[in-house]
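For reference, the structure is listed below as structure tokens.
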Amino acid sequence: MGTDAGTLREADLIVLDGLVSALVETRKGIAAFQALETSLLASAMALGVDRSDASRSDGDMPLRAIAAEVGAALRVSDRTVQRRLGEASRLATRFPVTLAALTEGRISRAHVDVIVDAGERLDEDERIRFETAAIAVAERETAARLRPIARLLAERLMPQMLSERHAAARESRCVDVRDLDDGMSQLLAVLPSTLAHGIRSRLTAMATAVADADAAEERTVDQLRADLLADLALTADPQGLDERGLVAEIRAVVHVTVPALTLAREDGDAAMLEGSAPIDIDTARLLCAGETSWERVLTHPVTQAVLAVDTYRPTAELRRLLRARDQRCRFPGCRVPAHRCDLDHVHDHALGGATAQANLAHECRRHHVLKHHSAWTVVLHPDRTMTWTSPTGREYPDAGVPPGVAFTDDGESPPF
């Protein structure tokens with residue numbers, strides 16, 4: 001229910017409605033101009049490539065000359081222009097469906113970058129299927145929400161299984177240091193995703209505990225994570241564990257979504273590290289085998305619907321199921337994970353709303369407060385989608401996080 005504190009006057013709502021409409025059309029226009037610029041840069045790139053001679057040491061001179069011309073005209077470094085020429089050519093030639101969607105203003109440039117990054121390694125036929133499915137998601141989600149879904153969509157179309165690619169990529173794990181200004185350096189570690197996210201989650205839990213234990217603590221969570229990492233790395237005794245042993249040491253709370261039949265098959269599909277990246281099935285099996293700090297979400301192998309959620313931790317079944325269903329705040333565009341959200345009665349409990357799956361949804365504190373103290377309203381539908389209605393009367397749907405990603409046999413967009 002809205003209150004006076006968060007309610008705009010009718011005249012204000014009329015002005016806001018006009019501003020929002022104008023902003024939507026402006027963004028569409030910006031997207032169309034960005035697509036036009038991409039096409040022009042791609043044409044310039046093609047002109048330079050046609051005139052280049054790979055057999056000569058200076059064979060790329062025509063391309064460099066074109067980059068210098070464009071850079072001088074736009075007052076941009078010619079090196080930057082040459083890089084943008086290559087990016088534009090890649091988008092125009094390898095992702096034509098995505099470029100068309102940008103031209104029509106259906107998606108933003110940020111969505112384009114996510115799609116190109118996720119689908120770059122796919123071959124032509126698979127890339128077109130990927131583009132179609134990813135654009136369907138991009139048309140209703142933010143670029144940040146699109147990223148993990150796009151990566152999983154692309155993963156499902158890769159010709160080589162993730163477990164095989166992961167085995168090869170794992171050999172490149174390393175730690176590096178890059179010096180920054182003002183006496184600072186950046187410590188970089190290339191690790192398997194499960195270990196990297198497990199480390200960060202554990203550091204976050206430790207940082208939160210330190211902050212909660214001392215009211216006078218002035219360090220931010222980021223600063224605490226950095227200090228704790230330094231302390232652990234410099235003072236702890238190494239255990240000499242291999243990767244499987246390190247995975248067994250993870251105590252962070254991380255969700256892994258695994259198709260039910262995958263655990264029993266040798267050629268199982270990829271699993272999904274919640275909100276992040278696909279992981280190889282061997283690691284997923286190891287995590288599901290008995291690690292009590294991980295929640296296991298079993299999904300139907302065809303429909304991807306959640307079949308069951310189990311955990312050793314003493315949490316209520318309803319809360320576990322809702323966390324598996326929502327995975328993050330249900331306000332459009334918000335990515336705050338469910339474990340950091342409030343579990344809210346969509347229809348106010350004080351007004352008769354039931355404490356049931358059909359009337360509960362996760363909302364971060366910001367959007368929970370917005371719902372109760374402004375004119376924003378929300379409806380939770382039987383198919384688990386939610387519709388938020390703004391003070392101007394616009395409706396914004398939230399389809400929720402798909403428990404899995406699947407392609408239909410006819411190549412149409414996935415059913416989520």
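Order determines the names: the first chain of the structure tokens is A, the second B, and so forth; residues in each chain are numbered 1 upward, and ligands are numbered 1 upward as they are shown.
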For this session: Please identify all polymer residues within 8 Å of Asn359 of chain A, counting only C-alpha atoms, omitting same-chain residues fewer than 5 positions from it, and present them as a list in words.
Result: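 Result of the neighbour search: His345, Val346, His347, Gly353, Ala354 and Leu380 of chain A.
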For this session: From the DSSP assignment of the backbone, select every residue of segment 29-276 of chain A that is strand (DSSP E or B), and format the answer as a PyMOL selection string.
Result: chain A and resi 174-179+185-190+254-259+271-273
Create the file for the chosen residues now, containing N, CA and C atoms and written as a compact mmCIF listing (two decimals), in the first residue's frame.
# COMPACT_ATOMS: atom_id res chain seq x y z
N CYS A 174 46.89 -19.33 -12.67
CA CYS A 174 48.10 -18.60 -12.30
C CYS A 174 47.76 -17.46 -11.35
N VAL A 175 48.78 -16.85 -10.80
CA VAL A 175 48.65 -15.65 -9.98
C VAL A 175 49.62 -14.62 -10.55
N ASP A 176 49.15 -13.38 -10.71
CA ASP A 176 49.98 -12.33 -11.30
C ASP A 176 49.79 -11.04 -10.50
N VAL A 177 50.73 -10.14 -10.64
CA VAL A 177 50.65 -8.84 -9.98
C VAL A 177 50.83 -7.75 -11.03
N ARG A 178 49.93 -6.78 -11.01
CA ARG A 178 50.05 -5.61 -11.90
C ARG A 178 50.17 -4.37 -11.03
N ASP A 179 51.24 -3.63 -11.22
CA ASP A 179 51.48 -2.44 -10.41
C ASP A 179 50.58 -1.29 -10.85
N SER A 185 49.09 -2.17 -5.94
CA SER A 185 49.22 -3.19 -6.97
C SER A 185 47.95 -4.02 -7.01
N GLN A 186 47.71 -4.66 -8.12
CA GLN A 186 46.53 -5.51 -8.31
C GLN A 186 46.99 -6.97 -8.33
N LEU A 187 46.46 -7.77 -7.42
CA LEU A 187 46.76 -9.19 -7.37
C LEU A 187 45.70 -9.94 -8.17
N LEU A 188 46.12 -10.63 -9.21
CA LEU A 188 45.19 -11.32 -10.11
C LEU A 188 45.40 -12.83 -10.01
N ALA A 189 44.33 -13.55 -9.82
CA ALA A 189 44.40 -15.00 -9.77
C ALA A 189 43.44 -15.58 -10.79
N VAL A 190 43.92 -16.44 -11.67
CA VAL A 190 43.08 -17.14 -12.64
C VAL A 190 42.84 -18.53 -12.08
N VAL A 254 26.73 -21.34 -1.81
CA VAL A 254 26.66 -21.14 -3.26
C VAL A 254 25.64 -22.11 -3.83
N HIS A 255 24.78 -21.63 -4.74
CA HIS A 255 23.80 -22.50 -5.37
C HIS A 255 24.37 -23.05 -6.67
N VAL A 256 24.17 -24.32 -6.91
CA VAL A 256 24.53 -24.95 -8.18
C VAL A 256 23.29 -25.61 -8.73
N THR A 257 22.87 -25.20 -9.94
CA THR A 257 21.70 -25.79 -10.58
C THR A 257 22.15 -26.92 -11.48
N VAL A 258 21.59 -28.13 -11.27
CA VAL A 258 22.01 -29.31 -12.01
C VAL A 258 20.78 -30.04 -12.54
N PRO A 259 20.69 -30.27 -13.87
CA PRO A 259 19.60 -31.10 -14.39
C PRO A 259 19.62 -32.47 -13.71
N ALA A 271 26.46 -27.62 -15.53
CA ALA A 271 25.72 -27.10 -14.40
C ALA A 271 25.91 -25.59 -14.38
N MET A 272 25.12 -24.90 -13.53
CA MET A 272 25.17 -23.45 -13.50
C MET A 272 25.48 -22.97 -12.10
N LEU A 273 26.57 -22.21 -11.95
CA LEU A 273 26.89 -21.57 -10.69
C LEU A 273 26.01 -20.35 -10.59
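For Thr103 of chain A, the non-local neighbours within 8 Å, defined as residues at least 2 positions apart in the same chain or in other chains and counting only C-alpha atoms, are Ala31, Ala32, Phe33, Gln34, Ala35, Leu36, Leu99, Ala100, Ala101, Gly105 and Arg106 of chain A.
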